[in-house]
file final_9.txt (compact mmCIF, C-alpha atoms and all ligand atoms)
# COMPACT_ATOMS: atom_id res chain seq x y z
CA MET A 1 32.98 -77.27 -141.41
CA GLN A 2 35.91 -77.96 -139.19
CA ASP A 3 35.85 -76.67 -135.66
CA GLN A 4 39.39 -75.31 -135.81
CA VAL A 5 38.28 -72.70 -138.30
CA TRP A 6 35.96 -71.31 -135.66
CA GLN A 7 38.08 -71.43 -132.61
CA LEU A 8 40.84 -68.95 -131.90
CA GLU A 9 43.69 -70.24 -129.84
CA TRP A 10 45.92 -68.27 -127.56
CA ASN A 11 49.64 -68.59 -128.09
CA ASP A 12 52.64 -66.87 -126.57
CA LYS A 13 53.15 -64.71 -129.64
CA LEU A 14 49.98 -62.89 -128.62
CA SER A 15 51.44 -61.91 -125.27
CA VAL A 16 52.00 -58.19 -124.75
CA GLY A 17 54.21 -58.88 -121.73
CA ILE A 18 51.73 -57.45 -119.23
CA ASP A 19 50.00 -60.15 -117.20
CA ASP A 20 46.69 -58.34 -116.58
CA ILE A 21 46.31 -57.50 -120.24
CA ASP A 22 47.19 -61.01 -121.38
CA VAL A 23 44.49 -62.34 -119.04
CA GLU A 24 41.98 -59.92 -120.57
CA HIS A 25 42.98 -60.85 -124.11
CA ARG A 26 42.63 -64.54 -123.31
CA HIS A 27 39.20 -63.91 -121.85
CA PHE A 28 38.21 -61.91 -124.90
CA ILE A 29 39.25 -64.81 -127.16
CA GLU A 30 37.16 -67.18 -125.04
CA LEU A 31 34.11 -64.94 -125.40
CA ILE A 32 34.55 -64.79 -129.16
CA ASN A 33 34.93 -68.55 -129.34
CA GLY A 34 31.74 -68.79 -127.27
CA LEU A 35 29.89 -66.57 -129.73
CA ASN A 36 31.05 -68.61 -132.70
CA ARG A 37 30.18 -71.82 -130.86
CA ALA A 38 26.63 -70.54 -130.33
CA ILE A 39 26.31 -69.63 -134.01
CA LEU A 40 27.76 -72.93 -135.17
CA ASP A 41 25.47 -74.92 -132.87
CA ARG A 42 22.49 -72.82 -133.98
CA MET A 43 21.61 -71.79 -130.48
CA ASP A 44 18.67 -69.56 -129.76
CA ILE A 45 18.94 -65.97 -130.97
CA SER A 46 18.61 -64.73 -127.38
CA GLU A 47 21.70 -66.77 -126.46
CA ILE A 48 23.66 -65.47 -129.44
CA ARG A 49 22.74 -61.89 -128.56
CA ARG A 50 23.62 -62.49 -124.92
CA ARG A 51 27.07 -63.70 -125.94
CA MET A 52 27.54 -60.76 -128.30
CA GLN A 53 26.61 -58.40 -125.45
CA LEU A 54 29.26 -60.01 -123.24
CA ILE A 55 31.81 -59.18 -125.94
CA LEU A 56 30.62 -55.58 -126.12
CA ASP A 57 30.79 -55.16 -122.32
CA ASP A 58 34.16 -56.81 -122.12
CA ALA A 59 35.57 -54.75 -124.98
CA ALA A 60 34.46 -51.51 -123.30
CA GLN A 61 36.23 -52.45 -120.06
CA HIS A 62 39.32 -53.74 -121.77
CA PHE A 63 39.73 -50.75 -124.07
CA ALA A 64 39.34 -48.38 -121.10
CA HIS A 65 42.00 -50.36 -119.22
CA GLU A 66 44.47 -50.11 -122.10
CA GLU A 67 43.83 -46.40 -122.52
CA ALA A 68 44.45 -45.82 -118.80
CA LEU A 69 47.81 -47.58 -119.15
CA PHE A 70 48.69 -45.46 -122.19
CA ALA A 71 48.04 -42.32 -120.16
CA ALA A 72 50.25 -43.61 -117.35
CA TRP A 73 53.07 -44.46 -119.78
CA HIS A 74 52.68 -41.26 -121.81
CA TYR A 75 52.40 -43.54 -124.79
CA PRO A 76 52.85 -41.37 -127.90
CA ASP A 77 50.36 -43.33 -130.06
CA ALA A 78 47.59 -43.27 -127.45
CA ASP A 79 45.19 -41.14 -129.50
CA GLU A 80 45.67 -43.21 -132.61
CA HIS A 81 45.14 -46.43 -130.67
CA ALA A 82 42.01 -45.04 -128.98
CA LYS A 83 40.65 -44.21 -132.42
CA TYR A 84 40.94 -47.89 -133.39
CA HIS A 85 39.17 -48.83 -130.16
CA ARG A 86 36.28 -46.54 -131.09
CA GLN A 87 36.14 -48.01 -134.59
CA ALA A 88 36.08 -51.58 -133.25
CA THR A 89 33.39 -50.64 -130.72
CA ALA A 90 31.26 -49.07 -133.45
CA ALA A 91 31.68 -52.17 -135.61
CA PHE A 92 30.68 -54.47 -132.71
CA GLN A 93 27.66 -52.29 -131.97
CA GLU A 94 26.62 -52.33 -135.59
CA ILE A 95 26.85 -56.10 -135.73
CA MET A 96 24.82 -56.33 -132.50
CA ALA A 97 22.16 -54.00 -133.89
CA ARG A 98 21.84 -56.08 -137.02
CA LEU A 99 21.57 -59.44 -135.24
CA SER A 100 17.97 -60.43 -135.55
CA ASP A 101 16.08 -63.65 -136.06
CA LYS A 102 15.46 -62.70 -139.67
CA HIS A 103 19.03 -63.58 -140.50
CA THR A 104 19.97 -66.52 -142.63
CA GLU A 105 22.55 -68.93 -141.40
CA SER A 106 25.24 -67.55 -143.67
CA GLU A 107 24.62 -64.03 -142.34
CA TRP A 108 25.09 -65.30 -138.80
CA ILE A 109 28.29 -67.02 -139.76
CA GLU A 110 29.53 -63.86 -141.43
CA ALA A 111 28.76 -61.79 -138.32
CA GLY A 112 30.63 -64.22 -136.07
CA LEU A 113 33.64 -64.26 -138.36
CA LYS A 114 33.67 -60.46 -138.58
CA VAL A 115 33.82 -60.12 -134.79
CA LYS A 116 36.68 -62.59 -134.68
CA GLN A 117 38.56 -60.89 -137.49
CA LEU A 118 38.20 -57.46 -135.85
CA LEU A 119 39.69 -58.72 -132.62
CA VAL A 120 42.55 -60.61 -134.24
CA GLU A 121 43.50 -57.67 -136.43
CA HIS A 122 43.45 -55.27 -133.52
CA LEU A 123 45.52 -57.57 -131.35
CA ILE A 124 48.09 -58.37 -134.01
CA THR A 125 48.52 -54.90 -135.45
CA GLU A 126 47.66 -52.28 -132.80
CA ASP A 127 48.19 -54.00 -129.46
CA MET A 128 51.56 -55.35 -130.61
CA LYS A 129 52.75 -51.77 -131.16
CA TYR A 130 52.35 -50.91 -127.49
CA ARG A 131 53.93 -54.22 -126.51
CA ASP A 132 57.10 -53.06 -128.26
CA TYR A 133 56.90 -49.61 -126.72
CA PHE A 134 56.31 -51.03 -123.27
CA LYS A 135 59.26 -53.41 -123.58
CA ALA A 136 61.62 -50.64 -124.65
CA HIS A 137 60.26 -48.34 -121.96
CA LYS A 138 60.69 -50.89 -119.21
CA GLN A 139 64.28 -51.55 -120.27
CA ALA A 140 65.05 -47.85 -120.36
CA ALA A 141 63.55 -47.38 -116.90
CA ALA A 142 65.58 -50.30 -115.52
CA SER A 143 68.92 -49.14 -116.92
FE FE B 1 43.88 -52.08 -128.01
FE FE B 2 43.75 -55.18 -126.35
call {"tool": "encode", "arguments": {"input": "final_9.txt", "output": "structure tokens"}}
result
Amino acid sequence: MQDQVWQLEWNDKLSVGIDDIDVEHRHFIELINGLNRAILDRMDISEIRRRMQLILDDAAQHFAHEEALFAAWHYPDADEHAKYHRQATAAFQEIMARLSDKHTESEWIEAGLKVKQLLVEHLITEDMKYRDYFKAHKQAAAS
């Protein structure tokens, strides 16, 4: 299978226009690429779990950071967005709980792809909504 299928790449369209958050999103993408790399290279289960745990820890910090910004902006969709964060967290935790050495290769691959898909969907659908709000808000504040 081709490597490109496994690796997410950052591009400017993914920018939310907030440097700190872009840095976190880039880091998150790197961690997910690292997880998929470990699965693809059939690394030890302990290494795969370690990389999945890094994603969980990073997601918790990143989601809390976004929610703190929403509170500061009085972002109207904050509750809705936080709900998606909780759903993504639960999905990551479930995947982590199910990762065991009993898995077949295709189950590993499926788990890695699911993590990637969850992140991409959240970034493209939910995070882009606050990007637009933030842009409009900043312009209104400046005028
Ligand atoms: Fe988010
Ligand atoms: Fe995000």
call {"tool": "closest_residue", "arguments": {"input": "final_9.txt", "among": "A:Ser100, A:Gln61, A:Gln53, A:Asn11", "to": "ligand FE 2 (chain B)", "atoms": "only C-alpha atoms and all ligand atoms"}}
result
A:Gln61
call {"tool": "closest_atom_pairs", "arguments": {"input": "final_9.txt", "of": "chain A", "to": "ligand FE 2 (chain B)", "cutoff": "8 Å", "atoms": "only C-alpha atoms and all ligand atoms", "output": "JSON lines"}}
result
{"residue": "A:Ile21", "atom": "CA", "partner": "B:FE2", "partner_atom": "FE", "distance": 7.0}
{"residue": "A:Glu24", "atom": "CA", "partner": "B:FE2", "partner_atom": "FE", "distance": 7.7}
{"residue": "A:His25", "atom": "CA", "partner": "B:FE2", "partner_atom": "FE", "distance": 6.1}
{"residue": "A:His62", "atom": "CA", "partner": "B:FE2", "partner_atom": "FE", "distance": 6.5}
{"residue": "A:Phe63", "atom": "CA", "partner": "B:FE2", "partner_atom": "FE", "distance": 6.4}
{"residue": "A:Glu66", "atom": "CA", "partner": "B:FE2", "partner_atom": "FE", "distance": 6.7}
{"residue": "A:His122", "atom": "CA", "partner": "B:FE2", "partner_atom": "FE", "distance": 7.2}
{"residue": "A:Leu123", "atom": "CA", "partner": "B:FE2", "partner_atom": "FE", "distance": 5.8}
{"residue": "A:Asp127", "atom": "CA", "partner": "B:FE2", "partner_atom": "FE", "distance": 5.5}
call {"tool": "atom_distance", "arguments": {"input": "final_9.txt", "atom1": "CA of Trp108 in chain A", "atom2": "CA of Tyr84 in chain A"}}
result
24.2 Å
call {"tool": "residues_near_ligand", "arguments": {"input": "final_9.txt", "ligand": "ligand FE 1 (chain B)", "cutoff": "12 Å", "atoms": "all atoms listed in the file", "output": "PyMOL selection string"}}
result
chain A and resi 16+21-22+24-25+28+59-70+77-89+118-131
call {"tool": "atom_distance", "arguments": {"input": "final_9.txt", "atom1": "CA of Asp132 in chain A", "atom2": "CA of His74 in chain A"}}
result
14.2 Å
call {"tool": "atom_distance", "arguments": {"input": "final_9.txt", "atom1": "CA of Met96 in chain A", "atom2": "CA of Lys114 in chain A"}}
result
11.5 Å
call {"tool": "closest_residue", "arguments": {"input": "final_9.txt", "among": "A:Glu110, A:Ala91, A:Trp10, A:Ala71", "to": "Val23 in chain A", "atoms": "only C-alpha atoms"}}
result
A:Trp10
call {"tool": "closest_residue", "arguments": {"input": "final_9.txt", "among": "A:Ile45, A:Met52, A:Leu14, A:Ile39", "to": "Glu105 in chain A", "atoms": "only C-alpha atoms"}}
result
A:Ile39
call {"tool": "decode", "arguments": {"input": "final_9.txt", "residues": "range 37-143 of chain A", "atoms": "C-alpha atoms", "output": "CSV table (one decimal), in the first residue's frame"}}
result
chain,number,residue,atom,x,y,z
A,37,ARG,CA,3.6,4.6,10.7
A,38,ALA,CA,3.9,2.2,13.7
A,39,ILE,CA,0.9,0.2,12.5
A,40,LEU,CA,2.2,0.0,9.0
A,41,ASP,CA,5.7,-1.0,10.1
A,42,ARG,CA,4.2,-3.6,12.4
A,43,MET,CA,5.9,-2.2,15.5
A,44,ASP,CA,5.5,-3.7,18.9
A,45,ILE,CA,2.1,-3.4,20.4
A,46,SER,CA,3.6,-1.5,23.4
A,47,GLU,CA,4.9,1.1,20.9
A,48,ILE,CA,1.5,1.3,19.1
A,49,ARG,CA,-0.3,1.8,22.4
A,50,ARG,CA,2.3,4.4,23.5
A,51,ARG,CA,1.7,6.4,20.4
A,52,MET,CA,-2.1,6.1,20.8
A,53,GLN,CA,-1.7,7.4,24.4
A,54,LEU,CA,0.2,10.4,23.1
A,55,ILE,CA,-2.8,11.2,20.9
A,56,LEU,CA,-5.2,10.9,23.8
A,57,ASP,CA,-3.1,13.1,26.0
A,58,ASP,CA,-2.6,15.6,23.3
A,59,ALA,CA,-6.3,15.7,22.3
A,60,ALA,CA,-7.2,16.3,26.0
A,61,GLN,CA,-4.9,19.3,26.2
A,62,HIS,CA,-5.9,20.7,22.8
A,63,PHE,CA,-9.6,20.4,23.3
A,64,ALA,CA,-9.3,22.2,26.6
A,65,HIS,CA,-7.3,24.9,25.0
A,66,GLU,CA,-10.0,25.4,22.3
A,67,GLU,CA,-12.7,25.5,24.8
A,68,ALA,CA,-10.9,28.1,26.9
A,69,LEU,CA,-10.7,30.3,23.8
A,70,PHE,CA,-14.4,29.8,23.1
A,71,ALA,CA,-15.2,31.0,26.6
A,72,ALA,CA,-13.0,34.1,26.1
A,73,TRP,CA,-14.7,34.9,22.8
A,74,HIS,CA,-18.2,34.1,24.0
A,75,TYR,CA,-18.4,31.8,21.0
A,76,PRO,CA,-22.1,30.9,20.5
A,77,ASP,CA,-21.5,27.3,19.4
A,78,ALA,CA,-19.1,26.5,22.3
A,79,ASP,CA,-21.4,23.9,23.9
A,80,GLU,CA,-22.0,22.1,20.6
A,81,HIS,CA,-18.3,22.1,19.8
A,82,ALA,CA,-17.5,20.7,23.2
A,83,LYS,CA,-19.9,18.0,22.6
A,84,TYR,CA,-18.0,16.9,19.5
A,85,HIS,CA,-14.8,17.0,21.6
A,86,ARG,CA,-16.3,14.6,24.1
A,87,GLN,CA,-17.5,12.3,21.3
A,88,ALA,CA,-14.0,12.3,19.7
A,89,THR,CA,-12.4,11.6,23.1
A,90,ALA,CA,-14.8,8.7,23.8
A,91,ALA,CA,-14.0,7.3,20.4
A,92,PHE,CA,-10.3,7.6,20.9
A,93,GLN,CA,-10.6,5.9,24.4
A,94,GLU,CA,-12.7,3.1,22.9
A,95,ILE,CA,-10.1,2.5,20.3
A,96,MET,CA,-7.3,2.5,22.9
A,97,ALA,CA,-9.3,0.1,25.1
A,98,ARG,CA,-9.7,-2.3,22.2
A,99,LEU,CA,-6.1,-2.3,21.1
A,100,SER,CA,-4.7,-5.6,22.1
A,101,ASP,CA,-2.2,-8.1,20.7
A,102,LYS,CA,-5.1,-10.3,19.8
A,103,HIS,CA,-5.8,-8.0,16.9
A,104,THR,CA,-5.3,-9.0,13.3
A,105,GLU,CA,-3.4,-6.8,11.0
A,106,SER,CA,-6.6,-5.5,9.3
A,107,GLU,CA,-8.1,-4.6,12.6
A,108,TRP,CA,-5.0,-2.5,13.5
A,109,ILE,CA,-5.2,-0.8,10.1
A,110,GLU,CA,-8.8,-0.1,10.7
A,111,ALA,CA,-8.1,1.4,14.1
A,112,GLY,CA,-5.4,3.7,12.7
A,113,LEU,CA,-7.6,4.9,9.9
A,114,LYS,CA,-10.5,5.6,12.3
A,115,VAL,CA,-8.3,7.8,14.4
A,116,LYS,CA,-7.2,9.7,11.4
A,117,GLN,CA,-10.7,10.1,10.0
A,118,LEU,CA,-12.0,11.4,13.3
A,119,LEU,CA,-9.4,14.1,13.5
A,120,VAL,CA,-9.8,15.1,9.8
A,121,GLU,CA,-13.5,15.3,10.1
A,122,HIS,CA,-13.4,17.4,13.3
A,123,LEU,CA,-10.8,19.7,11.8
A,124,ILE,CA,-12.6,20.2,8.5
A,125,THR,CA,-16.1,20.5,9.8
A,126,GLU,CA,-16.1,21.8,13.4
A,127,ASP,CA,-12.8,23.7,13.8
A,128,MET,CA,-13.4,25.5,10.5
A,129,LYS,CA,-16.7,26.9,12.0
A,130,TYR,CA,-14.8,28.8,14.7
A,131,ARG,CA,-12.2,29.9,12.2
A,132,ASP,CA,-14.9,31.8,10.4
A,133,TYR,CA,-16.4,33.2,13.6
A,134,PHE,CA,-13.0,34.3,14.8
A,135,LYS,CA,-12.2,36.0,11.6
A,136,ALA,CA,-15.5,37.9,11.6
A,137,HIS,CA,-15.1,38.7,15.2
A,138,LYS,CA,-11.5,40.1,14.8
A,139,GLN,CA,-12.6,42.3,11.9
A,140,ALA,CA,-15.6,43.6,13.9
A,141,ALA,CA,-13.3,44.4,16.9
A,142,ALA,CA,-10.8,46.2,14.6
A,143,SER,CA,-13.4,48.4,12.9
